[in-house]
Each structure stands twice: as structure tokens, then as C-alpha cells.
>>> print(open('input.cif').read())   # mmCIF, C-alpha atoms and all ligand atoms
data_work
#
loop_
_atom_site.group_PDB
_atom_site.id
_atom_site.type_symbol
_atom_site.label_atom_id
_atom_site.label_comp_id
_atom_site.auth_asym_id
_atom_site.auth_seq_id
_atom_site.Cartn_x
_atom_site.Cartn_y
_atom_site.Cartn_z
ATOM 1 C CA ASN A 72 0.000 0.000 0.000
ATOM 2 C CA TRP A 73 0.929 3.666 -0.192
ATOM 3 C CA ALA A 74 2.348 4.023 3.357
ATOM 4 C CA TYR A 75 4.480 0.900 2.887
ATOM 5 C CA GLU A 76 5.817 2.112 -0.456
ATOM 6 C CA ARG A 77 6.588 5.522 1.043
ATOM 7 C CA GLU A 78 8.514 3.909 3.886
ATOM 8 C CA LEU A 79 10.528 1.840 1.415
ATOM 9 C CA ASP A 80 11.450 4.962 -0.531
ATOM 10 C CA ASN A 81 12.390 6.964 2.579
ATOM 11 C CA LEU A 82 15.646 4.988 2.936
ATOM 12 C CA LEU A 83 15.624 5.630 6.696
ATOM 13 C CA TRP A 84 18.380 3.037 7.095
ATOM 14 C CA LYS A 85 20.805 4.960 4.862
ATOM 15 C CA ILE A 86 23.794 6.394 6.746
ATOM 16 C CA ASP A 87 26.314 8.855 5.381
ATOM 17 C CA TYR A 88 29.767 7.464 6.230
ATOM 18 C CA LYS A 89 30.914 11.031 7.013
ATOM 19 C CA ASP A 90 28.481 11.093 9.947
ATOM 20 C CA ILE A 91 30.354 8.250 11.660
ATOM 21 C CA GLN A 92 33.317 9.112 13.826
ATOM 22 C CA VAL A 93 35.488 6.157 12.868
ATOM 23 C CA ASN A 94 38.114 4.728 15.162
ATOM 24 C CA GLU A 95 41.055 4.278 12.759
ATOM 25 C CA TYR A 96 43.777 3.032 15.106
ATOM 26 C CA THR A 97 45.554 -0.308 14.695
ATOM 27 C CA PRO A 98 46.045 -1.897 18.086
ATOM 28 C CA THR A 99 48.516 -4.672 18.759
ATOM 29 C CA THR A 100 47.739 -8.173 19.955
ATOM 30 C CA ALA A 101 48.997 -9.913 23.073
ATOM 31 C CA SER A 102 51.980 -11.244 21.117
ATOM 32 C CA GLY A 103 52.946 -7.691 20.185
ATOM 33 C CA LYS A 104 52.259 -8.233 16.479
ATOM 34 C CA ALA A 105 50.138 -5.655 14.720
ATOM 35 C CA SER A 106 46.687 -7.145 14.299
ATOM 36 C CA ARG A 107 44.652 -7.127 11.090
ATOM 37 C CA SER A 108 43.691 -3.566 10.393
ATOM 38 C CA LEU A 109 40.188 -4.424 9.193
ATOM 39 C CA HIS A 110 39.201 -6.168 12.402
ATOM 40 C CA PRO A 111 41.533 -4.821 15.046
ATOM 41 C CA PHE A 112 41.304 -7.314 17.853
ATOM 42 C CA ILE A 113 43.013 -7.037 21.201
ATOM 43 C CA ARG A 114 42.710 -10.470 22.691
ATOM 44 C CA THR A 115 44.414 -9.694 25.983
ATOM 45 C CA SER A 116 42.255 -9.346 29.021
ATOM 46 C CA GLN A 117 42.848 -5.653 29.571
ATOM 47 C CA VAL A 118 39.663 -5.008 31.387
ATOM 48 C CA SER A 119 38.503 -6.738 34.517
ATOM 49 C CA LEU A 120 35.241 -8.611 34.177
ATOM 50 C CA SER A 121 33.620 -6.600 36.917
ATOM 51 C CA SER A 122 34.410 -3.240 35.352
ATOM 52 C CA ASN A 123 32.121 -1.590 32.883
ATOM 53 C CA PRO A 124 33.873 -1.646 29.493
ATOM 54 C CA GLU A 125 31.636 1.144 28.289
ATOM 55 C CA SER A 126 32.859 3.567 30.905
ATOM 56 C CA ASP A 127 36.226 4.236 29.280
ATOM 57 C CA PHE A 128 37.105 2.813 25.903
ATOM 58 C CA ARG A 129 40.809 3.667 26.244
ATOM 59 C CA TYR A 130 41.097 0.807 28.720
ATOM 60 C CA SER A 131 38.639 -1.551 27.120
ATOM 61 C CA THR A 132 39.126 -4.511 24.854
ATOM 62 C CA ILE A 133 37.995 -3.551 21.364
ATOM 63 C CA TYR A 134 36.941 -6.554 19.315
ATOM 64 C CA THR A 135 36.088 -5.124 15.947
ATOM 65 C CA ARG A 136 36.113 -1.906 13.939
ATOM 66 C CA ILE A 137 33.975 0.597 15.761
ATOM 67 C CA GLY A 138 32.714 4.131 15.317
ATOM 68 C CA ILE A 139 30.411 6.626 16.959
ATOM 69 C CA TYR A 140 27.171 7.416 15.177
ATOM 70 C CA ARG A 141 24.676 9.844 16.731
ATOM 71 C CA GLY A 142 26.326 9.387 20.110
ATOM 72 C CA ARG A 143 26.124 5.580 20.022
ATOM 73 C CA ILE A 144 29.097 3.235 19.722
ATOM 74 C CA CYS A 145 28.573 1.057 16.675
ATOM 75 C CA ALA A 146 30.281 -1.899 15.015
ATOM 76 C CA ILE A 147 31.223 -1.381 11.382
ATOM 77 C CA LYS A 148 31.222 -4.395 9.056
ATOM 78 C CA ARG A 149 32.822 -3.475 5.765
ATOM 79 C CA LEU A 150 31.574 -5.171 2.625
ATOM 80 C CA ARG A 151 34.057 -5.580 -0.191
ATOM 81 C CA LYS A 152 31.813 -4.496 -3.015
ATOM 82 C CA LYS A 153 32.625 -1.938 -5.702
ATOM 83 C CA CYS A 154 29.127 -0.505 -5.956
ATOM 84 C CA ILE A 155 25.556 -1.076 -4.835
ATOM 85 C CA ASP A 156 22.400 -1.016 -6.862
ATOM 86 C CA ILE A 157 19.599 -0.171 -4.429
ATOM 87 C CA THR A 158 16.863 -2.421 -5.755
ATOM 88 C CA ARG A 159 13.329 -2.742 -4.394
ATOM 89 C CA LYS A 160 14.314 -6.171 -3.011
ATOM 90 C CA MET A 161 17.147 -4.548 -1.073
ATOM 91 C CA LYS A 162 14.883 -1.781 0.261
ATOM 92 C CA LYS A 163 12.475 -4.464 1.490
ATOM 93 C CA GLU A 164 15.178 -6.405 3.291
ATOM 94 C CA MET A 165 16.444 -3.199 4.939
ATOM 95 C CA LYS A 166 12.958 -2.450 6.202
ATOM 96 C CA THR A 167 12.526 -6.033 7.453
ATOM 97 C CA ILE A 168 15.780 -5.952 9.374
ATOM 98 C CA ARG A 169 15.091 -2.482 10.828
ATOM 99 C CA ASP A 170 11.680 -3.586 12.022
ATOM 100 C CA LEU A 171 13.052 -6.746 13.657
ATOM 101 C CA GLN A 172 13.509 -5.956 17.335
ATOM 102 C CA PHE A 173 14.184 -8.504 20.017
ATOM 103 C CA ASP A 174 16.300 -8.512 23.182
ATOM 104 C CA ASN A 175 18.608 -11.231 21.894
ATOM 105 C CA LEU A 176 19.127 -9.889 18.383
ATOM 106 C CA ASN A 177 21.818 -7.296 17.818
ATOM 107 C CA PRO A 178 20.067 -4.145 16.518
ATOM 108 C CA PHE A 179 20.747 -3.021 12.970
ATOM 109 C CA VAL A 180 21.520 0.704 12.924
ATOM 110 C CA GLY A 181 21.822 1.235 9.186
ATOM 111 C CA ALA A 182 24.050 0.857 6.158
ATOM 112 C CA CYS A 183 26.446 3.025 4.164
ATOM 113 C CA VAL A 184 26.034 2.324 0.462
ATOM 114 C CA ASP A 185 28.179 5.006 -1.151
ATOM 115 C CA PRO A 186 31.441 3.558 -2.550
ATOM 116 C CA PRO A 187 34.138 3.094 -1.384
ATOM 117 C CA ASN A 188 32.538 2.929 2.068
ATOM 118 C CA ILE A 189 30.030 0.134 1.819
ATOM 119 C CA CYS A 190 29.286 -1.175 5.281
ATOM 120 C CA ILE A 191 26.705 -2.468 7.712
ATOM 121 C CA ILE A 192 26.385 -0.573 10.995
ATOM 122 C CA THR A 193 25.120 -2.415 14.065
ATOM 123 C CA GLU A 194 25.078 -1.675 17.752
ATOM 124 C CA TYR A 195 28.359 -2.506 19.446
ATOM 125 C CA CYS A 196 28.444 -5.271 22.047
ATOM 126 C CA SER A 197 31.240 -4.469 24.444
ATOM 127 C CA ARG A 198 32.060 -7.945 25.810
ATOM 128 C CA GLY A 199 33.032 -9.415 22.438
ATOM 129 C CA SER A 200 31.597 -12.628 21.051
ATOM 130 C CA MET A 201 31.044 -16.088 22.552
ATOM 131 C CA LYS A 202 34.182 -17.115 20.635
ATOM 132 C CA ASP A 203 36.214 -14.408 22.404
ATOM 133 C CA ILE A 204 34.785 -15.372 25.778
ATOM 134 C CA LEU A 205 35.431 -19.097 25.276
ATOM 135 C CA GLU A 206 39.027 -18.367 24.227
ATOM 136 C CA ASN A 207 39.628 -16.143 27.248
ATOM 137 C CA GLU A 208 40.943 -18.341 30.054
ATOM 138 C CA ASP A 209 40.237 -15.598 32.581
ATOM 139 C CA VAL A 210 36.518 -16.098 32.085
ATOM 140 C CA LYS A 211 35.269 -18.954 34.259
ATOM 141 C CA LEU A 212 31.973 -20.397 33.075
ATOM 142 C CA ASP A 213 29.802 -22.098 35.688
ATOM 143 C CA ASN A 214 26.637 -23.992 34.775
ATOM 144 C CA MET A 215 24.330 -21.061 35.581
ATOM 145 C CA PHE A 216 26.354 -18.751 33.387
ATOM 146 C CA ILE A 217 26.414 -21.282 30.527
ATOM 147 C CA ALA A 218 22.652 -21.812 30.833
ATOM 148 C CA SER A 219 22.082 -18.075 30.629
ATOM 149 C CA LEU A 220 24.268 -17.648 27.519
ATOM 150 C CA ILE A 221 22.766 -20.679 25.760
ATOM 151 C CA GLY A 222 19.225 -19.653 26.759
ATOM 152 C CA ASP A 223 19.778 -16.312 25.026
ATOM 153 C CA ILE A 224 20.874 -18.019 21.800
ATOM 154 C CA VAL A 225 17.854 -20.343 21.904
ATOM 155 C CA ARG A 226 15.459 -17.421 22.406
ATOM 156 C CA ALA A 227 17.068 -15.472 19.555
ATOM 157 C CA MET A 228 16.878 -18.430 17.175
ATOM 158 C CA ILE A 229 13.250 -19.227 18.021
ATOM 159 C CA PHE A 230 12.347 -15.599 17.364
ATOM 160 C CA LEU A 231 14.342 -15.503 14.119
ATOM 161 C CA HIS A 232 12.865 -18.795 12.849
ATOM 162 C CA ASP A 233 9.346 -17.498 13.553
ATOM 163 C CA SER A 234 10.047 -14.168 11.839
ATOM 164 C CA SER A 235 10.013 -13.380 8.133
ATOM 165 C CA ILE A 236 13.803 -13.869 8.098
ATOM 166 C CA ARG A 237 13.116 -17.625 8.659
ATOM 167 C CA SER A 238 16.753 -18.734 9.136
ATOM 168 C CA HIS A 239 20.172 -17.328 10.003
ATOM 169 C CA GLY A 240 22.500 -19.181 7.628
ATOM 170 C CA ASN A 241 25.775 -18.177 9.315
ATOM 171 C CA LEU A 242 25.284 -19.008 12.979
ATOM 172 C CA LYS A 243 28.663 -19.397 14.709
ATOM 173 C CA SER A 244 30.218 -18.401 18.011
ATOM 174 C CA SER A 245 31.722 -15.188 16.573
ATOM 175 C CA ASN A 246 28.224 -14.116 15.556
ATOM 176 C CA CYS A 247 26.897 -14.529 19.115
ATOM 177 C CA LEU A 248 27.860 -11.201 20.664
ATOM 178 C CA VAL A 249 27.784 -10.412 24.361
ATOM 179 C CA ASP A 250 26.762 -6.992 25.612
ATOM 180 C CA SER A 251 27.858 -5.150 28.759
ATOM 181 C CA ARG A 252 25.097 -6.917 30.791
ATOM 182 C CA TRP A 253 26.291 -10.358 29.583
ATOM 183 C CA VAL A 254 23.260 -10.770 27.347
ATOM 184 C CA VAL A 255 23.918 -12.667 24.110
ATOM 185 C CA LYS A 256 22.792 -10.925 20.947
ATOM 186 C CA ILE A 257 22.913 -12.744 17.626
ATOM 187 C CA THR A 258 24.273 -10.798 14.683
ATOM 188 C CA ASP A 259 24.959 -11.176 10.935
ATOM 189 C CA PHE A 260 21.498 -12.438 9.892
ATOM 190 C CA GLY A 261 19.520 -11.341 6.838
ATOM 191 C CA LEU A 262 20.652 -8.617 4.391
ATOM 192 C CA HIS A 263 21.628 -11.262 1.822
ATOM 193 C CA GLU A 264 20.892 -8.951 -1.103
ATOM 194 C CA LEU A 265 23.226 -6.301 0.335
ATOM 195 C CA LYS A 266 25.951 -8.826 1.174
ATOM 196 C CA SER A 267 25.779 -10.731 -2.139
ATOM 197 C CA GLY A 268 28.826 -10.329 -4.353
ATOM 198 C CA SER A 269 30.979 -9.135 -1.470
ATOM 199 C CA ASP A 270 34.327 -10.956 -1.516
ATOM 200 C CA LEU A 271 36.141 -12.285 1.523
ATOM 201 C CA GLY A 272 38.574 -9.365 1.667
ATOM 202 C CA GLU A 273 42.049 -9.565 3.059
ATOM 203 C CA ASP A 274 41.459 -13.053 4.417
ATOM 204 C CA SER A 275 40.638 -14.457 0.985
ATOM 205 C CA THR A 276 44.213 -15.730 0.493
ATOM 206 C CA ASP A 277 44.287 -17.395 3.907
ATOM 207 C CA LEU A 278 42.946 -20.916 3.340
ATOM 208 C CA GLU A 279 42.622 -21.598 7.053
ATOM 209 C CA LYS A 280 40.476 -18.488 7.559
ATOM 210 C CA GLN A 281 38.381 -19.336 4.529
ATOM 211 C CA CYS A 282 37.739 -22.861 5.752
ATOM 212 C CA GLU A 283 37.014 -21.793 9.329
ATOM 213 C CA ARG A 284 33.685 -20.345 8.278
ATOM 214 C CA PHE A 285 32.559 -23.809 7.076
ATOM 215 C CA MET A 286 33.048 -25.426 10.470
ATOM 216 C CA TRP A 287 29.572 -24.495 11.664
ATOM 217 C CA ARG A 288 27.867 -25.384 8.380
ATOM 218 C CA ALA A 289 25.693 -28.498 8.140
ATOM 219 C CA PRO A 290 27.032 -31.297 5.862
ATOM 220 C CA GLU A 291 24.012 -31.173 3.526
ATOM 221 C CA LEU A 292 24.648 -27.453 2.932
ATOM 222 C CA LEU A 293 28.386 -27.984 2.458
ATOM 223 C CA ARG A 294 27.662 -30.639 -0.173
ATOM 224 C CA ASN A 295 25.150 -28.492 -2.029
ATOM 225 C CA PRO A 296 26.892 -26.046 -4.395
ATOM 226 C CA ASP A 297 23.613 -24.097 -4.699
ATOM 227 C CA SER A 298 22.885 -23.851 -0.985
ATOM 228 C CA PRO A 299 21.012 -20.605 -0.255
ATOM 229 C CA PRO A 300 22.909 -17.809 1.588
ATOM 230 C CA CYS A 301 20.078 -17.682 4.113
ATOM 231 C CA GLY A 302 20.761 -21.347 4.980
ATOM 232 C CA THR A 303 17.977 -23.493 6.402
ATOM 233 C CA GLN A 304 16.388 -23.855 9.819
ATOM 234 C CA LYS A 305 17.761 -27.401 10.099
ATOM 235 C CA GLY A 306 21.200 -26.075 9.159
ATOM 236 C CA ASP A 307 20.918 -23.499 11.973
ATOM 237 C CA VAL A 308 20.173 -26.310 14.431
ATOM 238 C CA TYR A 309 23.384 -28.053 13.330
ATOM 239 C CA SER A 310 25.353 -24.789 13.805
ATOM 240 C CA PHE A 311 23.807 -24.385 17.248
ATOM 241 C CA ALA A 312 24.994 -27.890 18.187
ATOM 242 C CA ILE A 313 28.550 -26.974 17.162
ATOM 243 C CA ILE A 314 28.333 -23.914 19.451
ATOM 244 C CA LEU A 315 27.211 -26.189 22.317
ATOM 245 C CA TYR A 316 30.261 -28.361 21.636
ATOM 246 C CA GLU A 317 32.487 -25.263 21.718
ATOM 247 C CA VAL A 318 31.018 -24.212 25.059
ATOM 248 C CA LEU A 319 31.529 -27.659 26.592
ATOM 249 C CA GLY A 320 35.054 -28.305 25.288
ATOM 250 C CA ARG A 321 36.385 -24.737 25.052
ATOM 251 C CA ASN A 322 38.634 -26.034 22.305
ATOM 252 C CA GLY A 323 37.030 -24.613 19.182
ATOM 253 C CA PRO A 324 34.308 -26.102 16.967
ATOM 254 C CA TYR A 325 36.090 -29.446 16.457
ATOM 255 C CA GLY A 326 38.275 -29.721 19.539
ATOM 256 C CA ARG A 327 42.017 -30.165 19.164
ATOM 257 C CA ILE A 328 42.728 -31.359 15.624
ATOM 258 C CA ASP A 329 46.065 -31.358 13.848
ATOM 259 C CA MET A 330 44.640 -31.377 10.352
ATOM 260 C CA THR A 331 45.417 -28.638 7.845
ATOM 261 C CA PRO A 332 42.743 -27.435 5.400
ATOM 262 C CA SER A 333 42.925 -28.753 1.828
HETATM 263 N N1 LIG B 1 32.487 -6.944 20.492
HETATM 264 C C1 LIG B 1 31.903 -6.940 19.327
HETATM 265 N N2 LIG B 1 32.420 -7.653 18.349
HETATM 266 C C2 LIG B 1 31.792 -7.637 17.186
HETATM 267 C C3 LIG B 1 30.638 -6.890 16.973
HETATM 268 N N3 LIG B 1 30.246 -7.090 15.701
HETATM 269 C C4 LIG B 1 31.135 -7.934 15.145
HETATM 270 N N4 LIG B 1 32.082 -8.283 16.034
HETATM 271 C C5 LIG B 1 33.208 -9.176 15.847
HETATM 272 O O1 LIG B 1 33.946 -8.731 14.742
HETATM 273 C C6 LIG B 1 34.498 -9.821 14.046
HETATM 274 C C7 LIG B 1 34.302 -9.634 12.587
HETATM 275 O O2 LIG B 1 32.933 -9.735 12.293
HETATM 276 P P1 LIG B 1 32.400 -9.794 10.826
HETATM 277 O O3 LIG B 1 32.882 -8.613 10.062
HETATM 278 O O4 LIG B 1 30.929 -9.988 10.910
HETATM 279 O O5 LIG B 1 33.087 -11.059 10.171
HETATM 280 P P2 LIG B 1 33.149 -12.588 10.603
HETATM 281 O O6 LIG B 1 32.117 -12.911 11.660
HETATM 282 O O7 LIG B 1 34.568 -12.911 10.959
HETATM 283 O O8 LIG B 1 32.826 -13.310 9.262
HETATM 284 P P3 LIG B 1 31.439 -13.386 8.477
HETATM 285 O O9 LIG B 1 30.345 -13.056 9.446
HETATM 286 O O10 LIG B 1 31.352 -14.807 8.001
HETATM 287 O O11 LIG B 1 31.541 -12.398 7.360
HETATM 288 C C8 LIG B 1 33.840 -11.083 14.601
HETATM 289 O O12 LIG B 1 34.760 -11.814 15.347
HETATM 290 C C9 LIG B 1 32.746 -10.573 15.486
HETATM 291 O O13 LIG B 1 32.658 -11.364 16.651
HETATM 292 C C10 LIG B 1 30.126 -6.129 18.067
HETATM 293 O O14 LIG B 1 29.107 -5.460 18.035
HETATM 294 N N5 LIG B 1 30.798 -6.201 19.229
#
>>> encode(input="input.cif", output="C-alpha cells", more="lines below")
Ligand SMILES: Nc1nc2c(ncn2[C@@H]2O[C@H](COP(=O)(O)OP(=O)(O)OP(=O)(O)O)[C@@H](O)[C@H]2O)c(=O)[nH]1
Amino acid sequence: NWAYERELDNLLWKIDYKDIQVNEYTPTTASGKASRSLHPFIRTSQVSLSSNPESDFRYSTIYTRIGIYRGRICAIKRLRKKCIDITRKMKKEMKTIRDLQFDNLNPFVGACVDPPNICIITEYCSRGSMKDILENEDVKLDNMFIASLIGDIVRAMIFLHDSSIRSHGNLKSSNCLVDSRWVVKITDFGLHELKSGSDLGEDSTDLEKQCERFMWRAPELLRNPDSPPCGTQKGDVYSFAIILYEVLGRNGPYGRIDMTPS
């Protein structure tokens, strides 16, 4: 109808990259090596678990590229695309994702679509991801804590599967973010039209990195060369089981294996 069409054309999700105060520093990792500039991780435990990482970012662990937009700290996911054609399909998916609000889903703030800055802007979760937490030996996980984290993922996935998004397609521990109140918020769902055609970026030559993303993917999807980017609900259940295994073993998605990707 008319109101719907008008909302699609308003492009309320569109963000001008110039309006984001981008944090352009390149921090170093625990080993002292400069980390990847695109996703500047500091994996050392520089902030005590009881402190509030949002109170002073100079002393906080920063897990991804961040910026400040309209006074809010946001995560910036760059897409390696040369240009974007804003189709009606894309406008619809932007509206869908903007309208999707749930405690355990990481809110979508907007997107920059003017080359060369093509990126997705989401709210920043200050505790990192489940992957970061599981890798951090300083974080002790008791059963209550585990139940709370897993419960959040379950709630998010039930909501997502019941929504018009239907399935996640890339559920993995690094996409389960943890906010300052230790609430898990799932990220990286939907927006397949926007993400399509985006290459893997600086990691594309690193076979290990490329293969890592397949570790949460269900065998039937791995075998299918035409598997949809949105995945399937059954595939999400498989990915969820791999996350459970990661939580129990704290040794990655397949435990300790000495195999190299080929
Ligand atoms: N702390 C924190 N980390 C984030 C946030 N958003 C993304 N990250 C982390 O940033 C890293 C890079 O995220 P992405 O750009 O989505 O890339 P990826 O998850 O490695 O790979 P794909 O999702 O498969 O493209 C991941 O390890 C995420 O855990 C956030 O809001 N807060």
C-alpha cells in the first residue's frame, strides 16, 4: 500500500559514512604483532570482568572496527563491493531488518552504500563474542552462566525462525555477541541482497580463515553447491549444536585437531 511504499522509498536506514566518527587506530595483539587492520582485535584481558567496558574505551578490549554514530558506539562491518544497486528487493530487506527488534538480536543501525565505504552498521556489544569469551581463560563459566548464555541463543533463534527472516544461515560463536550486561545478541542475519557479491577481503588468500567459516555449516549445505545464503532452519540447528560443543570443550568447533585445510 501507499504508506508501505513511502517507507521503502524513505531509505531511513541509509547512513552517510561522514556522519560516523570512525576509530582508525591499529592496536597490537597480546603477542605484540600488529593485528589485522580491518578487524583490530586485542585479545588480551585488559579489562577486569567486573568493570564496565563502556565507561572508558581507552582501557577496554575492542573486538572489531567501531565508530560513533549519533552518540552511540557502533560496530562497522565493511563489505568488499565496488558498488551497490539499491533495488526494491534490497529496500524491502532493509525495512525487514530495521523492524526486527528482540532482546537477543543485535540491533541493525543502518548501512552506508556510497562507494568506497560500503558497510553495515550495528550496535556494538562491548564484551566481544562467545568465541572471544570461550578463548579467554580468565573467564570462568559455571553452569548457571552457561545456561544463561545458551538460553539467550535459543530465544534469539526461536524468534528468528518465527520471523520473516526464517533462518540465520551463518550461525557461529563469533556471531553470538555479548553486551555489557552479559546478554547474548545474535548478529549477521539477513541482508543477503546487500551482502551478495561481497568478496572475503584480506582473508581471501588465507585458506585456514576461509575454511574456518565452514566449520559451523551443516554437511548437507556444504555438499550443495547451490545452498542458499540464508541457509535453512535445520542447518541453523546443526550450527547451534557446534556452538554447544564449543562451550563444553572450550577447544574450538572441532576440539584439538592437527589437520590442515585442503
Ligand atoms: N564486540 C563486538 N564484536 C563484534 C561486533 N560485531 C562484530 N564483532 C566481531 O567482529 C568480528 C568480525 O565480524 P564480521 O565482520 O561480521 O566477520 P566474521 O564474523 O569474521 O565473518 P562473516 O560473518 O562470516 O563475514 C567477529 O569476530 C565478530 O565477533 C560487536 O558489536 N561487538
>>> closest_residue(input="input.cif", among="A:Ile168, A:Leu205, A:Leu79, A:Cys247", to="ligand LIG 1 (chain B)", atoms="only C-alpha atoms and all ligand atoms")
A:Cys247
>>> closest_residue(input="input.cif", among="A:Ser197, A:Gln92, A:Gln172, A:Asn72", to="Val255 (chain A)", atoms="only C-alpha atoms")
A:Ser197
>>> residues_near_point(input="input.cif", point="(25.0, -11.2, -2.5)", cutoff="12 Å", atoms="all atoms listed in the file", output="list in words")
Leu150, Arg151, Lys152, Cys154, Ile155, Asp156, Lys160, Met161, Gly261, Leu262, His263, Glu264, Leu265, Lys266, Ser267, Gly268, Ser269, Asp270, Leu271, Pro299, Pro300 and Cys301 of chain A
>>> closest_atom_pairs(input="input.cif", of="chain A", to="ligand LIG 1 (chain B)", cutoff="9 Å", atoms="all atoms listed in the file", output="JSON lines")
{"residue": "A:Leu109", "atom": "CA", "partner": "B:LIG1", "partner_atom": "O3", "distance": 8.5}
{"residue": "A:His110", "atom": "CA", "partner": "B:LIG1", "partner_atom": "C7", "distance": 6.0}
{"residue": "A:Pro111", "atom": "CA", "partner": "B:LIG1", "partner_atom": "O1", "distance": 8.5}
{"residue": "A:Phe112", "atom": "CA", "partner": "B:LIG1", "partner_atom": "O1", "distance": 8.1}
{"residue": "A:Thr132", "atom": "CA", "partner": "B:LIG1", "partner_atom": "N1", "distance": 8.3}
{"residue": "A:Ile133", "atom": "CA", "partner": "B:LIG1", "partner_atom": "N1", "distance": 6.5}
{"residue": "A:Tyr134", "atom": "CA", "partner": "B:LIG1", "partner_atom": "N1", "distance": 4.6}
{"residue": "A:Thr135", "atom": "CA", "partner": "B:LIG1", "partner_atom": "O1", "distance": 4.4}
{"residue": "A:Arg136", "atom": "CA", "partner": "B:LIG1", "partner_atom": "O1", "distance": 7.2}
{"residue": "A:Ile137", "atom": "CA", "partner": "B:LIG1", "partner_atom": "C10", "distance": 8.1}
{"residue": "A:Ile144", "atom": "CA", "partner": "B:LIG1", "partner_atom": "O14", "distance": 8.9}
{"residue": "A:Cys145", "atom": "CA", "partner": "B:LIG1", "partner_atom": "O14", "distance": 6.7}
{"residue": "A:Ala146", "atom": "CA", "partner": "B:LIG1", "partner_atom": "O14", "distance": 4.8}
{"residue": "A:Ile147", "atom": "CA", "partner": "B:LIG1", "partner_atom": "N3", "distance": 7.2}
{"residue": "A:Lys148", "atom": "CA", "partner": "B:LIG1", "partner_atom": "O3", "distance": 4.6}
{"residue": "A:Arg149", "atom": "CA", "partner": "B:LIG1", "partner_atom": "O3", "distance": 6.7}
{"residue": "A:Leu150", "atom": "CA", "partner": "B:LIG1", "partner_atom": "O3", "distance": 8.3}
{"residue": "A:Asn177", "atom": "CA", "partner": "B:LIG1", "partner_atom": "O14", "distance": 7.5}
{"residue": "A:Ile192", "atom": "CA", "partner": "B:LIG1", "partner_atom": "N3", "distance": 8.9}
{"residue": "A:Thr193", "atom": "CA", "partner": "B:LIG1", "partner_atom": "O14", "distance": 6.4}
{"residue": "A:Glu194", "atom": "CA", "partner": "B:LIG1", "partner_atom": "O14", "distance": 5.5}
{"residue": "A:Tyr195", "atom": "CA", "partner": "B:LIG1", "partner_atom": "O14", "distance": 3.4}
{"residue": "A:Cys196", "atom": "CA", "partner": "B:LIG1", "partner_atom": "N5", "distance": 3.8}
{"residue": "A:Ser197", "atom": "CA", "partner": "B:LIG1", "partner_atom": "N1", "distance": 4.8}
{"residue": "A:Arg198", "atom": "CA", "partner": "B:LIG1", "partner_atom": "N1", "distance": 5.4}
{"residue": "A:Gly199", "atom": "CA", "partner": "B:LIG1", "partner_atom": "N1", "distance": 3.2}
{"residue": "A:Ser200", "atom": "CA", "partner": "B:LIG1", "partner_atom": "O13", "distance": 4.7}
{"residue": "A:Met201", "atom": "CA", "partner": "B:LIG1", "partner_atom": "O13", "distance": 7.7}
{"residue": "A:Lys202", "atom": "CA", "partner": "B:LIG1", "partner_atom": "O13", "distance": 7.2}
{"residue": "A:Asp203", "atom": "CA", "partner": "B:LIG1", "partner_atom": "O13", "distance": 7.4}
{"residue": "A:Asn241", "atom": "CA", "partner": "B:LIG1", "partner_atom": "O10", "distance": 6.6}
{"residue": "A:Leu242", "atom": "CA", "partner": "B:LIG1", "partner_atom": "O9", "distance": 8.6}
{"residue": "A:Lys243", "atom": "CA", "partner": "B:LIG1", "partner_atom": "O6", "distance": 8.0}
{"residue": "A:Ser244", "atom": "CA", "partner": "B:LIG1", "partner_atom": "O13", "distance": 7.6}
{"residue": "A:Ser245", "atom": "CA", "partner": "B:LIG1", "partner_atom": "O13", "distance": 3.9}
{"residue": "A:Asn246", "atom": "CA", "partner": "B:LIG1", "partner_atom": "O13", "distance": 5.3}
{"residue": "A:Cys247", "atom": "CA", "partner": "B:LIG1", "partner_atom": "O13", "distance": 7.0}
{"residue": "A:Leu248", "atom": "CA", "partner": "B:LIG1", "partner_atom": "N5", "distance": 6.0}
{"residue": "A:Val249", "atom": "CA", "partner": "B:LIG1", "partner_atom": "N1", "distance": 7.0}
{"residue": "A:Asp250", "atom": "CA", "partner": "B:LIG1", "partner_atom": "N5", "distance": 7.6}
{"residue": "A:Lys256", "atom": "CA", "partner": "B:LIG1", "partner_atom": "O14", "distance": 8.8}
{"residue": "A:Thr258", "atom": "CA", "partner": "B:LIG1", "partner_atom": "N3", "distance": 7.1}
{"residue": "A:Asp259", "atom": "CA", "partner": "B:LIG1", "partner_atom": "O9", "distance": 5.9}
{"residue": "A:Phe260", "atom": "CA", "partner": "B:LIG1", "partner_atom": "O9", "distance": 8.9}
{"residue": "A:Leu271", "atom": "CA", "partner": "B:LIG1", "partner_atom": "O11", "distance": 7.4}
{"residue": "A:Lys280", "atom": "CA", "partner": "B:LIG1", "partner_atom": "O7", "distance": 8.8}
{"residue": "A:Arg284", "atom": "CA", "partner": "B:LIG1", "partner_atom": "O10", "distance": 6.0}
>>> closest_residue(input="input.cif", among="A:Asp233, A:Glu164, A:Asp213, A:Asp170", to="Val318 (chain A)", atoms="all atoms listed in the file")
A:Asp213
>>> closest_residue(input="input.cif", among="A:Ser219, A:Asn175, A:Asn188, A:Thr303", to="Ser238 (chain A)", atoms="only C-alpha atoms")
A:Thr303
>>> resolve_selection(input="input.cif", expression="the PyMOL selection byres (((chain A and resi 220) around 9) and not hetatm)", output="number ranges by chain")
A: 201, 215-219, 221-225, 249, 253-255
>>> residues_around(input="input.cif", residues="Arg288 (chain A)", least_positions_apart="2", cutoff="8 Å", atoms="all atoms listed in the file", output="count of residues only")
10
>>> resolve_selection(input="input.cif", expression="the PyMOL selection byres (((chain A and resi 87-91) around 8) and not hetatm)", output="list in words")
Lys85, Ile86, Gln92, Val93, Gly138, Ile139, Tyr140, Arg141, Cys183, Asp185 and Asn188 of chain A
>>> residues_around(input="input.cif", residues="Gly326 (chain A)", least_positions_apart="3", cutoff="12 Å", atoms="all atoms listed in the file", output="count of residues only")
14
>>> residues_around(input="input.cif", residues="Glu279 (chain A)", least_positions_apart="4", cutoff="8 Å", atoms="all atoms listed in the file", output="list in words")
Glu283, Thr331 and Pro332 of chain A
>>> atom_distance(input="input.cif", atom1="CA of Tyr325 (chain A)", atom2="CA of Gln304 (chain A)")
21.5 Å
>>> atom_distance(input="input.cif", atom1="CA of Val210 (chain A)", atom2="CA of Arg252 (chain A)")
14.7 Å
>>> axis_aligned_box(input="input.cif", around="region 191-195 of chain A", padding_each_side="8 Å", output="JSON")
{"center_x": 26.7, "center_y": -1.5, "center_z": 13.6, "size_x": 19.3, "size_y": 17.9, "size_z": 27.7}
>>> atom_distance(input="input.cif", atom1="CA of Leu231 (chain A)", atom2="CA of Asn207 (chain A)")
28.5 Å
>>> closest_residue(input="input.cif", among="A:Ala227, A:Cys190, A:Ile157, A:Leu212", to="Leu171 (chain A)", atoms="all atoms listed in the file")
A:Ala227
